[in-house]
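The structure under discussion appears below in the form of structure tokens.
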Amino acid sequence: MANLIINTLVFHLPHQFLPAIQQLQKNPIIRHKRFLSTYSDSEPLNVCVAAHASSSSSSSSSSSSSSSSLSLSSFTVKYLTNSCGLSLQEAFSASKKYQLDELKLQKYESVVSLLRSFQFSDTHIKKLLIKFPYILRFRLHTNLKPKLEYLTEIGFVSTLLPELILLNPDILLRSLSGYLKPSMKILRKYVKTNEKVVAAVKHWTCLSSCDMKGILQPNVEFLLSEGVPPTTIENLIVWHSRTLIVKLDKFVTIVEILKKLGFKPTSTTFIVALRCLVSVSDSTSERKVQLFKSWGWSEEQIVSAFKRDPLSLAGSEEKIRSIMDFYVNTMKLNPADIAAYPTVLRFSLNTRTRPRYNVIKVLESKNLIKKPKKLVWISALTEKEFLKRFVDKHLDQVPNLMEIYRGTITGDKIDIKLH
């Protein structure tokens, strides 16, 4: 019954597949020389709609091409559902990316069998085919198998190998001797365990296919020469590797700026500040400086705030604008107080700062507390400490105080409580 449904859908909806196949012809990945080299010379990619798409083709030629396309679509869907466990919807989606040839069934089965021999579970294989169906056409013994064997040899065993491939299957498109081996050697020089390598790729999937020799390694070596501890660099690669993917001259300039500001390369805040400056363009940095100046901050205060807490100035311009507006115009804080404790800029306005301010105003209106001398500190308190000092101890006098804090009582209802 399932096959009947599949065949009916495929053969009665031909125009839904034609644009997808035509798009496949234009796919830059397929035209890429590196991608084409992964397939056997005897297996050119299907361009089964070429005759159909040509305005000069005869009617019979178009009909034949369309039938060929539909036949391939039908086989692709049936194979992916019956043999690989994909749902009908997933198989249709994969067939739009790539189509299989029924004459090559034995080859596809060999690829799946090879993956299983390298600890790929049925779930791993299913996810891989949804994300990267092209793998079924890889040359088995001269391309796919040697790469999997190499990754296993250097320690990617058990589930680590399929996890790595699923995170970034494009790694299989890269040359084994020209990229994969030298890049993994560089990565393992700074990241000591395979678990951490997988974690690094998981946090930024492009890491396993970026230019490690030309970009990442020079930046890492520069940081080492500046005194940054190896363990700090390892953590930087694992959790924030994108920071290291920048041209060396820009990277050196940023490091020099941080040193002039007083950041020590051996400190944790140096790495935090480095991440902040690398992640923004010069134009964005300048706009943020002007934004803080519009709230009355001097250049000295901006620099001081950045040195105190680099992440406090890393928010979007929209967030900075809205939270400064609330602090200054609603809470009536002095901009200088915010500059002295810039960490409050990191907190969420709607889930932390505003709810806490609402609680304080209700308690003040009922004369349960005096207005805090440093209202800016209210946002800085931990959740546990704030609840203890301003919510839990006043629930008898204000039974719905927790609802006010959680935001289930808002707007006019809070205003009523204030009078």
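Residue numbering restarts at 1 in every chain; chains get A, B, ... in the order shown in the structure tokens, and ligands count up from 1 in that same order.
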
Residues within 9 Å of range 236-239 of chain A, please, as a list in words. Count only C-alpha atoms; anything in the same chain fewer than 3 positions from it doesn't count.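 Residues meeting the cut-off are Leu187, Tyr190, Val191, Lys196, Val197, Val198, Ala199, Ala200, Val201, Lys202, His203, Trp204, Thr231, Thr232, Ile233, Arg242, Thr243, Leu244 and Ile271 of chain A.
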
Using only C-alpha atoms, which residues sit within 7 Å of range 340-350 of chain A once same-chain residues fewer than 2 positions away are excluded, as a ChimeraX atom specification? /A:305,309,312,320,323,336-338,352-355,379-380

Using only all heavy atoms, please write the residues we just selected to a file, as a CSV table (one decimal), in the first residue's frame.
```csv
chain,number,residue,atom,x,y,z
A,305,ALA,N,33.9,51.0,31.2
A,305,ALA,CA,32.8,50.0,31.2
A,305,ALA,C,33.3,48.7,30.4
A,305,ALA,O,33.0,47.6,30.9
A,305,ALA,CB,31.6,50.5,30.6
A,309,ASP,N,33.6,45.0,32.1
A,309,ASP,CA,32.8,43.8,31.7
A,309,ASP,C,32.6,43.9,30.2
A,309,ASP,O,31.7,44.5,29.7
A,309,ASP,CB,31.5,43.8,32.4
A,309,ASP,CG,30.7,42.6,32.0
A,309,ASP,OD1,31.1,41.8,31.2
A,309,ASP,OD2,29.6,42.4,32.6
A,312,SER,N,29.3,43.3,28.5
A,312,SER,CA,28.2,44.2,28.8
A,312,SER,C,27.9,45.2,27.6
A,312,SER,O,26.8,45.7,27.4
A,312,SER,CB,28.5,45.1,30.0
A,312,SER,OG,29.6,45.9,29.8
A,320,ILE,N,20.7,47.6,23.7
A,320,ILE,CA,21.3,48.6,24.5
A,320,ILE,C,20.4,49.9,24.6
A,320,ILE,O,20.3,50.5,25.6
A,320,ILE,CB,22.7,49.0,23.8
A,320,ILE,CG1,23.7,47.8,24.0
A,320,ILE,CG2,23.3,50.3,24.5
A,320,ILE,CD1,25.0,48.1,23.2
A,323,ILE,N,17.3,49.1,26.9
A,323,ILE,CA,17.5,48.9,28.3
A,323,ILE,C,18.1,50.2,28.9
A,323,ILE,O,17.7,50.5,30.1
A,323,ILE,CB,18.5,47.7,28.6
A,323,ILE,CG1,18.3,47.2,30.0
A,323,ILE,CG2,19.9,48.1,28.3
A,323,ILE,CD1,18.9,45.9,30.3
A,336,ALA,N,25.8,57.6,34.8
A,336,ALA,CA,27.1,57.3,35.4
A,336,ALA,C,27.1,56.1,36.3
A,336,ALA,O,28.1,55.4,36.3
A,336,ALA,CB,27.6,58.6,36.2
A,337,ASP,N,26.0,55.9,37.0
A,337,ASP,CA,25.9,54.7,37.8
A,337,ASP,C,25.9,53.4,37.0
A,337,ASP,O,26.4,52.4,37.4
A,337,ASP,CB,24.6,54.7,38.7
A,337,ASP,CG,24.7,55.8,39.8
A,337,ASP,OD1,25.8,56.2,40.1
A,337,ASP,OD2,23.6,56.3,40.2
A,338,ILE,N,25.2,53.5,35.8
A,338,ILE,CA,25.2,52.3,34.9
A,338,ILE,C,26.6,52.1,34.4
A,338,ILE,O,27.1,50.9,34.3
A,338,ILE,CB,24.2,52.6,33.8
A,338,ILE,CG1,22.8,52.9,34.3
A,338,ILE,CG2,24.2,51.4,32.8
A,338,ILE,CD1,21.8,53.3,33.3
A,352,ARG,N,14.0,40.0,33.5
A,352,ARG,CA,14.7,40.3,34.7
A,352,ARG,C,14.5,41.7,35.3
A,352,ARG,O,14.0,41.9,36.4
A,352,ARG,CB,16.2,40.0,34.5
A,352,ARG,CG,17.0,40.1,35.8
A,352,ARG,CD,18.4,39.5,35.6
A,352,ARG,NE,19.2,39.6,36.8
A,352,ARG,CZ,20.1,38.7,37.2
A,352,ARG,NH1,20.1,37.5,36.5
A,352,ARG,NH2,20.8,38.8,38.2
A,353,THR,N,15.0,42.7,34.5
A,353,THR,CA,15.0,44.0,35.0
A,353,THR,C,13.6,44.6,35.3
A,353,THR,O,13.3,45.1,36.4
A,353,THR,CB,15.7,45.0,34.0
A,353,THR,OG1,17.1,44.4,33.8
A,353,THR,CG2,15.8,46.4,34.6
A,354,ARG,N,12.7,44.5,34.3
A,354,ARG,CA,11.4,45.1,34.5
A,354,ARG,C,10.6,44.4,35.6
A,354,ARG,O,9.9,45.1,36.4
A,354,ARG,CB,10.6,45.0,33.1
A,354,ARG,CG,9.3,45.9,33.1
A,354,ARG,CD,8.5,45.6,31.9
A,354,ARG,NE,9.2,45.8,30.7
A,354,ARG,CZ,9.3,46.9,30.0
A,354,ARG,NH1,8.8,48.0,30.5
A,354,ARG,NH2,10.0,47.0,28.9
A,355,PRO,N,10.5,43.0,35.6
A,355,PRO,CA,9.8,42.4,36.7
A,355,PRO,C,10.3,42.7,38.1
A,355,PRO,O,9.5,42.9,39.0
A,355,PRO,CB,10.0,40.9,36.4
A,355,PRO,CG,10.3,40.8,35.0
A,355,PRO,CD,11.1,42.1,34.7
A,379,SER,N,19.1,44.7,39.7
A,379,SER,CA,19.2,43.8,38.5
A,379,SER,C,20.4,42.8,38.7
A,379,SER,O,20.4,41.7,38.2
A,379,SER,CB,19.4,44.6,37.2
A,379,SER,OG,18.2,45.3,36.9
A,380,ALA,N,21.4,43.3,39.5
A,380,ALA,CA,22.6,42.5,39.6
A,380,ALA,C,22.5,41.3,40.6
A,380,ALA,O,23.3,40.4,40.6
A,380,ALA,CB,23.8,43.4,40.0
```

Residues at most 7 Å from range 126-128 of chain A, counting only C-alpha atoms, excluding those fewer than 2 positions away in the same chain, as an NGL selection string? :A and (84-86 or 122-124 or 130-133 or 166)

Those in range 333-362 of chain A with alpha helix (DSSP H) from DSSP, as a list in words: Pro335, Ala336, Asp337, Ile338, Ala339, Ala340, Arg354, Pro355, Arg356, Tyr357, Asn358, Val359, Ile360, Lys361 and Val362 of chain A

Non-local contacts of range 181-183 of chain A (12 Å; only C-alpha atoms; under 5 positions in same chain excluded) as a count of residues only: 28

Would you pick out the contacts of Asp392 in chain A at 12 Å or less, using only C-alpha atoms, so that residues sharing its chain but fewer than 5 positions from it are not included, and give the list as a VMD selection string? chain A and resid 359 383 to 387 397 to 403 405

Gap from CA of Ser117 in chain A to CA of Leu140 in chain A - Å, one decimal: 12.9 Å

To one decimal place, how far is CA of Val157 in chain A from CA of Tyr98 in chain A in Å? 29.3 Å

I'd like the contact shell of Lys250 in chain A - 10 Å cut-off, only C-alpha atoms, skipping same-chain residues fewer than 5 positions apart - returned as a ChimeraX atom specification. /A:255-256,278

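Distances to Ile369 in chain A were evaluated for A:Phe390, A:Tyr134, A:Phe75, A:Phe306 using only C-alpha atoms, and the minimum falls at A:Phe390.
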